[in-house]
$ cat my_file_13.cif   # mmCIF, C-alpha atoms
data_protein
loop_
_atom_site.label_atom_id
_atom_site.label_comp_id
_atom_site.auth_asym_id
_atom_site.auth_seq_id
_atom_site.Cartn_x
_atom_site.Cartn_y
_atom_site.Cartn_z
CA MET E 1 55.54 -26.56 -3.78
CA LEU E 2 52.41 -28.42 -4.86
CA ILE E 3 49.13 -27.59 -3.13
CA SER E 4 48.18 -30.06 -0.40
CA LYS E 5 44.40 -29.94 -0.85
CA LYS E 6 42.21 -29.74 -3.89
CA LYS E 7 41.71 -26.14 -5.02
CA ILE E 8 39.42 -25.01 -7.81
CA ILE E 9 40.09 -21.98 -10.00
CA LEU E 10 37.13 -20.91 -12.12
CA LEU E 11 37.61 -18.34 -14.85
CA ASP E 12 35.59 -16.05 -17.04
CA LEU E 13 36.60 -16.01 -20.71
CA ASP E 14 36.11 -12.56 -22.26
CA GLY E 15 38.12 -9.85 -20.54
CA VAL E 16 40.10 -12.38 -18.49
CA LEU E 17 41.69 -14.85 -20.90
CA ILE E 18 40.93 -13.16 -24.22
CA ASN E 19 40.36 -9.67 -25.56
CA SER E 20 37.39 -10.03 -27.88
CA LEU E 21 36.14 -6.43 -27.97
CA LYS E 22 37.03 -5.90 -31.63
CA ASN E 23 35.23 -9.09 -32.55
CA MET E 24 32.17 -8.07 -30.53
CA ARG E 25 32.14 -4.56 -31.96
CA THR E 26 32.33 -5.79 -35.54
CA SER E 27 29.66 -8.43 -34.94
CA TRP E 28 27.29 -6.06 -33.15
CA ASN E 29 27.67 -3.19 -35.61
CA ASN E 30 26.92 -5.53 -38.52
CA THR E 31 23.90 -6.95 -36.69
CA ARG E 32 22.71 -3.54 -35.57
CA LYS E 33 22.73 -2.26 -39.14
CA LYS E 34 21.00 -5.34 -40.55
CA PHE E 35 18.18 -5.31 -38.01
CA ASN E 36 17.93 -1.54 -37.59
CA ILE E 37 18.78 -1.69 -33.88
CA LYS E 38 19.22 1.71 -32.25
CA HIS E 39 21.48 0.53 -29.44
CA THR E 40 25.16 1.25 -30.12
CA PHE E 41 28.12 -0.92 -29.23
CA ASN E 42 28.72 1.36 -26.25
CA ASP E 43 25.31 0.29 -24.98
CA TYR E 44 26.15 -3.34 -25.69
CA GLU E 45 29.54 -3.10 -24.00
CA LYS E 46 27.96 -2.08 -20.69
CA LEU E 47 26.09 -5.38 -20.58
CA ILE E 48 28.97 -7.70 -21.47
CA GLY E 49 28.90 -10.66 -19.13
CA LEU E 50 25.21 -11.34 -19.57
CA PRO E 51 24.04 -14.08 -21.96
CA PHE E 52 23.29 -12.71 -25.45
CA TYR E 53 19.53 -13.17 -25.17
CA SER E 54 19.54 -11.34 -21.84
CA ILE E 55 21.21 -8.38 -23.55
CA LEU E 56 18.51 -8.38 -26.22
CA GLN E 57 15.89 -8.39 -23.48
CA LYS E 58 17.56 -5.41 -21.82
CA PHE E 59 17.31 -3.60 -25.17
CA ASP E 60 13.59 -4.42 -25.30
CA LEU E 61 13.85 -5.82 -28.82
CA ASN E 62 11.17 -7.91 -30.49
CA SER E 63 11.55 -11.41 -29.06
CA GLU E 64 10.43 -12.89 -32.37
CA ASP E 65 13.69 -11.64 -33.88
CA TYR E 66 16.01 -13.01 -31.17
CA SER E 67 17.06 -16.17 -33.01
CA LYS E 68 17.66 -14.27 -36.27
CA ILE E 69 19.68 -11.59 -34.49
CA LYS E 70 21.80 -14.18 -32.68
CA LYS E 71 22.34 -16.20 -35.85
CA ASN E 72 23.68 -13.15 -37.65
CA TYR E 73 25.84 -12.06 -34.70
CA ASP E 74 27.32 -15.54 -34.32
CA SER E 75 27.98 -15.82 -38.05
CA ILE E 76 30.00 -12.59 -38.12
CA SER E 77 31.75 -13.48 -34.87
CA ASN E 78 32.85 -16.86 -36.26
CA LYS E 79 34.08 -15.28 -39.48
CA LYS E 80 36.10 -12.71 -37.54
CA LEU E 81 37.77 -14.95 -34.96
CA ALA E 82 41.13 -13.50 -36.03
CA LEU E 83 40.10 -10.29 -34.25
CA ILE E 84 40.18 -12.11 -30.91
CA LYS E 85 43.52 -11.96 -29.10
CA ILE E 86 44.65 -13.96 -26.10
CA TYR E 87 46.11 -11.89 -23.27
CA PRO E 88 49.86 -12.18 -22.61
CA ASN E 89 51.10 -15.14 -20.55
CA VAL E 90 47.67 -16.80 -20.30
CA LYS E 91 48.78 -20.17 -21.65
CA ASP E 92 52.00 -20.24 -19.64
CA THR E 93 50.17 -19.31 -16.45
CA LEU E 94 47.42 -21.89 -16.97
CA ASN E 95 50.04 -24.58 -17.60
CA TYR E 96 51.82 -23.53 -14.41
CA LEU E 97 48.60 -23.79 -12.39
CA ILE E 98 47.81 -27.21 -13.84
CA LYS E 99 51.30 -28.42 -12.89
CA LYS E 100 50.63 -27.15 -9.38
CA LYS E 101 47.60 -29.46 -9.33
CA TYR E 102 44.93 -26.75 -9.35
CA THR E 103 41.67 -27.81 -10.99
CA ILE E 104 40.78 -25.27 -13.69
CA GLY E 105 37.30 -24.52 -14.98
CA LEU E 106 35.76 -22.01 -17.38
CA ILE E 107 32.37 -20.37 -16.79
CA THR E 108 31.33 -17.92 -19.51
CA SER E 109 28.17 -16.25 -20.77
CA LYS E 110 29.28 -16.94 -24.33
CA ASP E 111 27.34 -19.76 -25.99
CA LYS E 112 28.81 -23.27 -26.04
CA LYS E 113 29.52 -23.44 -29.78
CA ARG E 114 31.56 -20.24 -29.99
CA THR E 115 33.28 -21.00 -26.68
CA LYS E 116 34.51 -24.31 -28.08
CA LYS E 117 35.79 -22.58 -31.22
CA ILE E 118 37.75 -20.05 -29.19
CA ILE E 119 39.35 -22.43 -26.71
CA SER E 120 40.23 -24.72 -29.60
CA LYS E 121 41.78 -21.81 -31.50
CA PHE E 122 44.08 -21.00 -28.59
CA LYS E 123 44.53 -24.64 -27.48
CA LEU E 124 43.26 -23.99 -23.95
CA LYS E 125 42.29 -26.91 -21.71
CA PHE E 126 39.87 -26.96 -18.77
CA LYS E 127 38.32 -29.70 -16.68
CA TYR E 128 35.00 -27.86 -16.80
CA VAL E 129 33.58 -25.61 -19.52
CA TYR E 130 30.17 -24.12 -18.71
CA SER E 131 28.07 -21.91 -20.97
CA PRO E 132 24.43 -20.86 -20.48
CA THR E 133 21.90 -23.66 -20.90
CA ASN E 134 18.18 -24.10 -20.34
CA GLN E 135 18.94 -26.38 -17.40
CA ILE E 136 21.34 -24.16 -15.43
CA LYS E 137 20.72 -20.50 -14.64
CA PRO E 138 23.37 -18.05 -15.95
CA LYS E 139 25.33 -15.39 -14.08
CA PRO E 140 24.76 -13.92 -11.56
CA TYR E 141 22.84 -16.98 -10.34
CA PRO E 142 25.38 -19.22 -8.54
CA ASP E 143 24.14 -22.52 -10.02
CA GLN E 144 27.18 -23.20 -12.23
CA ILE E 145 29.70 -22.63 -9.45
CA LEU E 146 27.69 -24.63 -6.94
CA LYS E 147 27.43 -27.55 -9.36
CA ILE E 148 31.22 -27.70 -9.72
CA VAL E 149 31.73 -27.40 -5.95
CA LYS E 150 29.36 -30.35 -5.49
CA LEU E 151 31.00 -32.43 -8.22
CA GLU E 152 34.46 -31.84 -6.79
CA LYS E 153 33.28 -32.45 -3.20
CA ILE E 154 35.11 -29.42 -1.86
CA LYS E 155 34.34 -26.60 0.54
CA LYS E 156 33.52 -23.18 -0.89
CA LYS E 157 36.64 -21.71 0.69
CA ASP E 158 38.68 -23.87 -1.70
CA CYS E 159 37.10 -22.36 -4.81
CA ILE E 160 37.61 -18.96 -6.43
CA TYR E 161 36.20 -17.19 -9.45
CA ILE E 162 38.18 -14.76 -11.60
CA GLY E 163 36.29 -12.20 -13.66
CA ASP E 164 36.51 -8.65 -14.95
CA MET E 165 32.96 -7.33 -14.51
CA SER E 166 30.74 -6.28 -11.61
CA LEU E 167 28.45 -9.11 -12.68
CA ASP E 168 31.29 -11.57 -12.05
CA LYS E 169 31.81 -10.22 -8.54
CA LYS E 170 28.11 -10.67 -7.83
CA PHE E 171 28.27 -14.17 -9.32
CA ALA E 172 31.03 -15.19 -6.91
CA LYS E 173 29.32 -13.50 -3.97
CA ASN E 174 26.04 -15.30 -4.65
CA ALA E 175 27.93 -18.59 -4.67
CA GLY E 176 29.73 -17.75 -1.42
CA ILE E 177 33.23 -18.04 -2.86
CA LYS E 178 36.19 -15.65 -3.16
CA PHE E 179 36.50 -13.34 -6.15
CA ILE E 180 39.57 -12.08 -7.98
CA HIS E 181 39.08 -9.04 -10.19
CA ALA E 182 40.93 -9.02 -13.51
CA ALA E 183 41.50 -5.27 -13.50
CA TYR E 184 42.79 -5.23 -17.09
CA GLY E 185 39.41 -6.40 -18.43
CA TYR E 186 36.31 -4.66 -19.75
CA GLU E 187 34.72 -3.10 -16.65
CA LYS E 188 34.92 0.69 -16.83
CA LYS E 189 33.75 1.33 -13.28
CA LYS E 190 35.97 0.72 -10.27
CA ILE E 191 35.34 -2.58 -8.53
CA ASN E 192 36.13 -2.70 -4.83
CA THR E 193 37.46 -6.13 -3.98
CA LYS E 194 40.12 -7.62 -1.76
CA PHE E 195 41.93 -9.44 -4.54
CA LYS E 196 42.82 -8.21 -8.02
CA ILE E 197 45.34 -8.78 -10.78
CA LYS E 198 46.66 -6.24 -13.27
CA ARG E 199 48.08 -8.97 -15.53
CA PHE E 200 47.03 -12.58 -15.79
CA ARG E 201 50.46 -13.84 -14.80
CA ASP E 202 50.08 -12.02 -11.45
CA LEU E 203 47.76 -14.86 -10.51
CA LYS E 204 50.71 -17.12 -9.71
CA LYS E 205 51.84 -15.00 -6.78
CA LEU E 206 48.41 -13.83 -5.66
CA LEU E 207 47.07 -17.35 -5.11
CA GLU E 208 49.49 -17.77 -2.21
CA ASN E 209 47.45 -15.14 -0.33
CA VAL E 210 43.99 -16.18 -1.55
CA PHE E 211 43.87 -19.80 -0.38
#
$ encode --input "my_file_13.cif" --output "structure tokens"
Amino acid sequence: MLISKKKIILLDLDGVLINSLKNMRTSWNNTRKKFNIKHTFNDYEKLIGLPFYSILQKFDLNSEDYSKIKKNYDSISNKKLALIKIYPNVKDTLNYLIKKKYTIGLITSKDKKRTKKIISKFKLKFKYVYSPTNQIKPKPYPDQILKIVKLEKIKKKDCIYIGDMSLDKKFAKNAGIKFIHAAYGYEKKKINTKFKIKRFRDLKKLLENVF
């Protein structure tokens, strides 16, 4: 049965649609060595979900080096895209949701250029693709979600966000929408939430109870 009213499904990228940990680890370790950064990938991993510059700020690194650090990280990441794997059944499930007339959007902390490379690599399609910009505040500020809600002219109850990190839960809460935890993702701590999926394909059945 097709949905009777417009429903919006917003998704995180890393840890929800793709497993990019190997790519991140390789990129960070190379960058760490080149710039003599003391923070290990374990330190970096705890902050996944934040924009890259926000992570550098958390590490209290010299702001004058930010652009150089990011340029190196991005260069390695782009060269090692083969290390990124899409989770099982993601494409089939997204196609199913599109056929059911759900509107699908992507909101990620990954920069726009690399995001485009990744979704192109896996041939993923979304109505909205949002990455951090100077004009819109990043997670956990709700700006990106609220902009889509306004553009689609829907009520918040008809919009959900799916993420794997505590930051994503806070993001959805700040926007006043429902949250689904992708429990197979990167978060190491337990996240208490009403809705969760252990595999991406579980989303098909769960949505019947969410909306």
$ resolve_selection --input "my_file_13.cif" --expression "the PyMOL selection byres ((chain E and resi 68-82) around 7)" --output "PDB file with C-alpha atoms, in the coordinates of the input"
ATOM      1  CA  ASN E  23      35.230  -9.090 -32.550  1.00  0.00           C
ATOM      2  CA  MET E  24      32.170  -8.070 -30.530  1.00  0.00           C
ATOM      3  CA  SER E  27      29.660  -8.430 -34.940  1.00  0.00           C
ATOM      4  CA  TRP E  28      27.290  -6.060 -33.150  1.00  0.00           C
ATOM      5  CA  THR E  31      23.900  -6.950 -36.690  1.00  0.00           C
ATOM      6  CA  ASP E  65      13.690 -11.640 -33.880  1.00  0.00           C
ATOM      7  CA  TYR E  66      16.010 -13.010 -31.170  1.00  0.00           C
ATOM      8  CA  SER E  67      17.060 -16.170 -33.010  1.00  0.00           C
ATOM      9  CA  LEU E  83      40.100 -10.290 -34.250  1.00  0.00           C
ATOM     10  CA  ILE E  84      40.180 -12.110 -30.910  1.00  0.00           C
TER      11      ILE E  84
END
$ closest_residue --input "my_file_13.cif" --among "E:Asp12, E:Tyr44, E:Lys110, E:Tyr87" --to "E:Lys198" --atoms "only C-alpha atoms"
E:Tyr87
$ resolve_selection --input "my_file_13.cif" --expression "the PyMOL selection byres ((chain E and resi 160-162) around 9)" --output "list in words"
Lys7, Ile8, Ile9, Leu10, Leu11, Asp12, Val16, Ile107, Ile145, Lys156, Lys157, Asp158, Cys159, Gly163, Asp164, Asp168, Lys169, Phe171, Ala172, Ile177, Lys178, Phe179, Ile180, His181, Ala182, Lys196, Val210 and Phe211 of chain E
$ closest_residue --input "my_file_13.cif" --among "E:Ile18, E:Leu124, E:Leu50, E:Met165" --to "E:Tyr186" --atoms "all atoms listed in the file"
E:Met165
$ atom_distance --input "my_file_13.cif" --atom1 "atom CA of E:Phe59" --atom2 "atom CA of E:Lys189"
20.9 Å
$ closest_residue --input "my_file_13.cif" --among "E:Lys113, E:Lys150, E:Lys22, E:Lys99" --to "E:Tyr130" --atoms "only C-alpha atoms"
E:Lys113
$ closest_residue --input "my_file_13.cif" --among "E:Lys34, E:Leu97, E:Leu106, E:Thr133" --to "E:Lys205" --atoms "only C-alpha atoms"
E:Leu97
$ residues_around --input "my_file_13.cif" --residues "E:Glu152" --least-positions-apart "4" --cutoff "10 Å" --atoms "all atoms listed in the file" --output "PyMOL selection string"
chain E and resi 6-8+103+146-148
$ closest_residue --input "my_file_13.cif" --among "E:Arg114, E:Asp202, E:Thr26, E:Leu61" --to "E:Tyr184" --atoms "all atoms listed in the file"
E:Asp202
$ atom_distance --input "my_file_13.cif" --atom1 "atom CA of E:Gly15" --atom2 "atom CA of E:Gly185"
4.2 Å
$ resolve_selection --input "my_file_13.cif" --expression "the PyMOL selection byres ((chain E and resi 90) around 9)" --output "ChimeraX atom specification"
/E:16-18,86-89,91-95,200-201
$ atom_distance --input "my_file_13.cif" --atom1 "atom CA of E:Leu151" --atom2 "atom CA of E:Leu167"
23.9 Å
$ closest_residue --input "my_file_13.cif" --among "E:Lys190, E:Lys137, E:Lys173, E:Lys127" --to "E:Tyr102" --atoms "only C-alpha atoms"
E:Lys127
$ build_atoms --input "my_file_13.cif" --residues "stretch 182-193 of chain E" --atoms "all heavy atoms" --output "PDB file, keeping the file's coordinate frame"
ATOM      1  N   ALA E 182      39.964  -9.238 -12.442  1.00  0.00           N
ATOM      2  CA  ALA E 182      40.930  -9.020 -13.510  1.00  0.00           C
ATOM      3  C   ALA E 182      40.812  -7.555 -13.937  1.00  0.00           C
ATOM      4  O   ALA E 182      39.967  -7.197 -14.769  1.00  0.00           O
ATOM      5  CB  ALA E 182      40.651  -9.952 -14.678  1.00  0.00           C
ATOM      6  N   ALA E 183      41.635  -6.710 -13.345  1.00  0.00           N
ATOM      7  CA  ALA E 183      41.500  -5.270 -13.500  1.00  0.00           C
ATOM      8  C   ALA E 183      41.848  -4.763 -14.893  1.00  0.00           C
ATOM      9  O   ALA E 183      41.584  -3.609 -15.226  1.00  0.00           O
ATOM     10  CB  ALA E 183      42.356  -4.547 -12.457  1.00  0.00           C
ATOM     11  N   TYR E 184      42.424  -5.613 -15.725  1.00  0.00           N
ATOM     12  CA  TYR E 184      42.790  -5.230 -17.090  1.00  0.00           C
ATOM     13  C   TYR E 184      41.649  -5.477 -18.075  1.00  0.00           C
ATOM     14  O   TYR E 184      41.778  -5.212 -19.268  1.00  0.00           O
ATOM     15  CB  TYR E 184      44.020  -6.026 -17.542  1.00  0.00           C
ATOM     16  CG  TYR E 184      43.863  -7.522 -17.370  1.00  0.00           C
ATOM     17  CD1 TYR E 184      43.234  -8.301 -18.339  1.00  0.00           C
ATOM     18  CD2 TYR E 184      44.331  -8.153 -16.212  1.00  0.00           C
ATOM     19  CE1 TYR E 184      43.066  -9.663 -18.172  1.00  0.00           C
ATOM     20  CE2 TYR E 184      44.171  -9.519 -16.041  1.00  0.00           C
ATOM     21  CZ  TYR E 184      43.535 -10.267 -17.010  1.00  0.00           C
ATOM     22  OH  TYR E 184      43.366 -11.614 -16.847  1.00  0.00           O
ATOM     23  N   GLY E 185      40.525  -6.000 -17.572  1.00  0.00           N
ATOM     24  CA  GLY E 185      39.410  -6.400 -18.430  1.00  0.00           C
ATOM     25  C   GLY E 185      38.513  -5.272 -18.889  1.00  0.00           C
ATOM     26  O   GLY E 185      38.951  -4.128 -19.021  1.00  0.00           O
ATOM     27  N   TYR E 186      37.225  -5.577 -19.072  1.00  0.00           N
ATOM     28  CA  TYR E 186      36.310  -4.660 -19.750  1.00  0.00           C
ATOM     29  C   TYR E 186      35.588  -3.674 -18.832  1.00  0.00           C
ATOM     30  O   TYR E 186      35.079  -2.660 -19.312  1.00  0.00           O
ATOM     31  CB  TYR E 186      35.220  -5.458 -20.488  1.00  0.00           C
ATOM     32  CG  TYR E 186      35.729  -6.421 -21.531  1.00  0.00           C
ATOM     33  CD1 TYR E 186      34.915  -7.451 -21.990  1.00  0.00           C
ATOM     34  CD2 TYR E 186      37.012  -6.310 -22.071  1.00  0.00           C
ATOM     35  CE1 TYR E 186      35.361  -8.343 -22.946  1.00  0.00           C
ATOM     36  CE2 TYR E 186      37.461  -7.197 -23.026  1.00  0.00           C
ATOM     37  CZ  TYR E 186      36.626  -8.215 -23.464  1.00  0.00           C
ATOM     38  OH  TYR E 186      37.066  -9.100 -24.412  1.00  0.00           O
ATOM     39  N   GLU E 187      35.494  -3.960 -17.546  1.00  0.00           N
ATOM     40  CA  GLU E 187      34.720  -3.100 -16.650  1.00  0.00           C
ATOM     41  C   GLU E 187      35.301  -1.688 -16.592  1.00  0.00           C
ATOM     42  O   GLU E 187      36.493  -1.507 -16.333  1.00  0.00           O
ATOM     43  CB  GLU E 187      34.699  -3.703 -15.245  1.00  0.00           C
ATOM     44  CG  GLU E 187      33.891  -2.906 -14.226  1.00  0.00           C
ATOM     45  CD  GLU E 187      32.414  -2.876 -14.537  1.00  0.00           C
ATOM     46  OE1 GLU E 187      31.743  -3.920 -14.390  1.00  0.00           O
ATOM     47  OE2 GLU E 187      31.935  -1.791 -14.946  1.00  0.00           O
ATOM     48  N   LYS E 188      34.462  -0.700 -16.830  1.00  0.00           N
ATOM     49  CA  LYS E 188      34.920   0.690 -16.830  1.00  0.00           C
ATOM     50  C   LYS E 188      34.822   1.313 -15.434  1.00  0.00           C
ATOM     51  O   LYS E 188      35.533   2.262 -15.112  1.00  0.00           O
ATOM     52  CB  LYS E 188      34.110   1.506 -17.834  1.00  0.00           C
ATOM     53  CG  LYS E 188      34.303   1.043 -19.277  1.00  0.00           C
ATOM     54  CD  LYS E 188      33.549   1.929 -20.250  1.00  0.00           C
ATOM     55  CE  LYS E 188      33.711   1.431 -21.683  1.00  0.00           C
ATOM     56  NZ  LYS E 188      35.120   1.455 -22.122  1.00  0.00           N
ATOM     57  N   LYS E 189      33.904   0.811 -14.625  1.00  0.00           N
ATOM     58  CA  LYS E 189      33.750   1.330 -13.280  1.00  0.00           C
ATOM     59  C   LYS E 189      34.705   0.620 -12.320  1.00  0.00           C
ATOM     60  O   LYS E 189      35.075  -0.531 -12.546  1.00  0.00           O
ATOM     61  CB  LYS E 189      32.304   1.126 -12.795  1.00  0.00           C
ATOM     62  CG  LYS E 189      31.265   1.881 -13.606  1.00  0.00           C
ATOM     63  CD  LYS E 189      29.875   1.607 -13.067  1.00  0.00           C
ATOM     64  CE  LYS E 189      28.821   2.336 -13.892  1.00  0.00           C
ATOM     65  NZ  LYS E 189      27.456   2.041 -13.410  1.00  0.00           N
ATOM     66  N   LYS E 190      35.073   1.313 -11.257  1.00  0.00           N
ATOM     67  CA  LYS E 190      35.970   0.720 -10.270  1.00  0.00           C
ATOM     68  C   LYS E 190      35.242  -0.358  -9.491  1.00  0.00           C
ATOM     69  O   LYS E 190      34.093  -0.190  -9.079  1.00  0.00           O
ATOM     70  CB  LYS E 190      36.480   1.801  -9.309  1.00  0.00           C
ATOM     71  CG  LYS E 190      37.472   1.283  -8.281  1.00  0.00           C
ATOM     72  CD  LYS E 190      37.962   2.400  -7.376  1.00  0.00           C
ATOM     73  CE  LYS E 190      38.943   1.854  -6.340  1.00  0.00           C
ATOM     74  NZ  LYS E 190      39.439   2.920  -5.431  1.00  0.00           N
ATOM     75  N   ILE E 191      35.899  -1.482  -9.310  1.00  0.00           N
ATOM     76  CA  ILE E 191      35.340  -2.580  -8.530  1.00  0.00           C
ATOM     77  C   ILE E 191      36.146  -2.707  -7.243  1.00  0.00           C
ATOM     78  O   ILE E 191      37.351  -2.920  -7.270  1.00  0.00           O
ATOM     79  CB  ILE E 191      35.390  -3.903  -9.308  1.00  0.00           C
ATOM     80  CG1 ILE E 191      34.485  -3.834 -10.540  1.00  0.00           C
ATOM     81  CG2 ILE E 191      34.956  -5.069  -8.422  1.00  0.00           C
ATOM     82  CD1 ILE E 191      34.480  -5.110 -11.370  1.00  0.00           C
ATOM     83  N   ASN E 192      35.467  -2.546  -6.122  1.00  0.00           N
ATOM     84  CA  ASN E 192      36.130  -2.700  -4.830  1.00  0.00           C
ATOM     85  C   ASN E 192      36.141  -4.168  -4.439  1.00  0.00           C
ATOM     86  O   ASN E 192      35.091  -4.789  -4.251  1.00  0.00           O
ATOM     87  CB  ASN E 192      35.383  -1.885  -3.762  1.00  0.00           C
ATOM     88  CG  ASN E 192      35.499  -0.390  -3.999  1.00  0.00           C
ATOM     89  OD1 ASN E 192      36.575   0.107  -4.336  1.00  0.00           O
ATOM     90  ND2 ASN E 192      34.406   0.330  -3.844  1.00  0.00           N
ATOM     91  N   THR E 193      37.320  -4.725  -4.343  1.00  0.00           N
ATOM     92  CA  THR E 193      37.460  -6.130  -3.980  1.00  0.00           C
ATOM     93  C   THR E 193      38.816  -6.348  -3.330  1.00  0.00           C
ATOM     94  O   THR E 193      39.771  -5.595  -3.571  1.00  0.00           O
ATOM     95  CB  THR E 193      37.311  -7.019  -5.239  1.00  0.00           C
ATOM     96  OG1 THR E 193      37.355  -8.380  -4.860  1.00  0.00           O
ATOM     97  CG2 THR E 193      38.415  -6.748  -6.243  1.00  0.00           C
TER      98      THR E 193
END
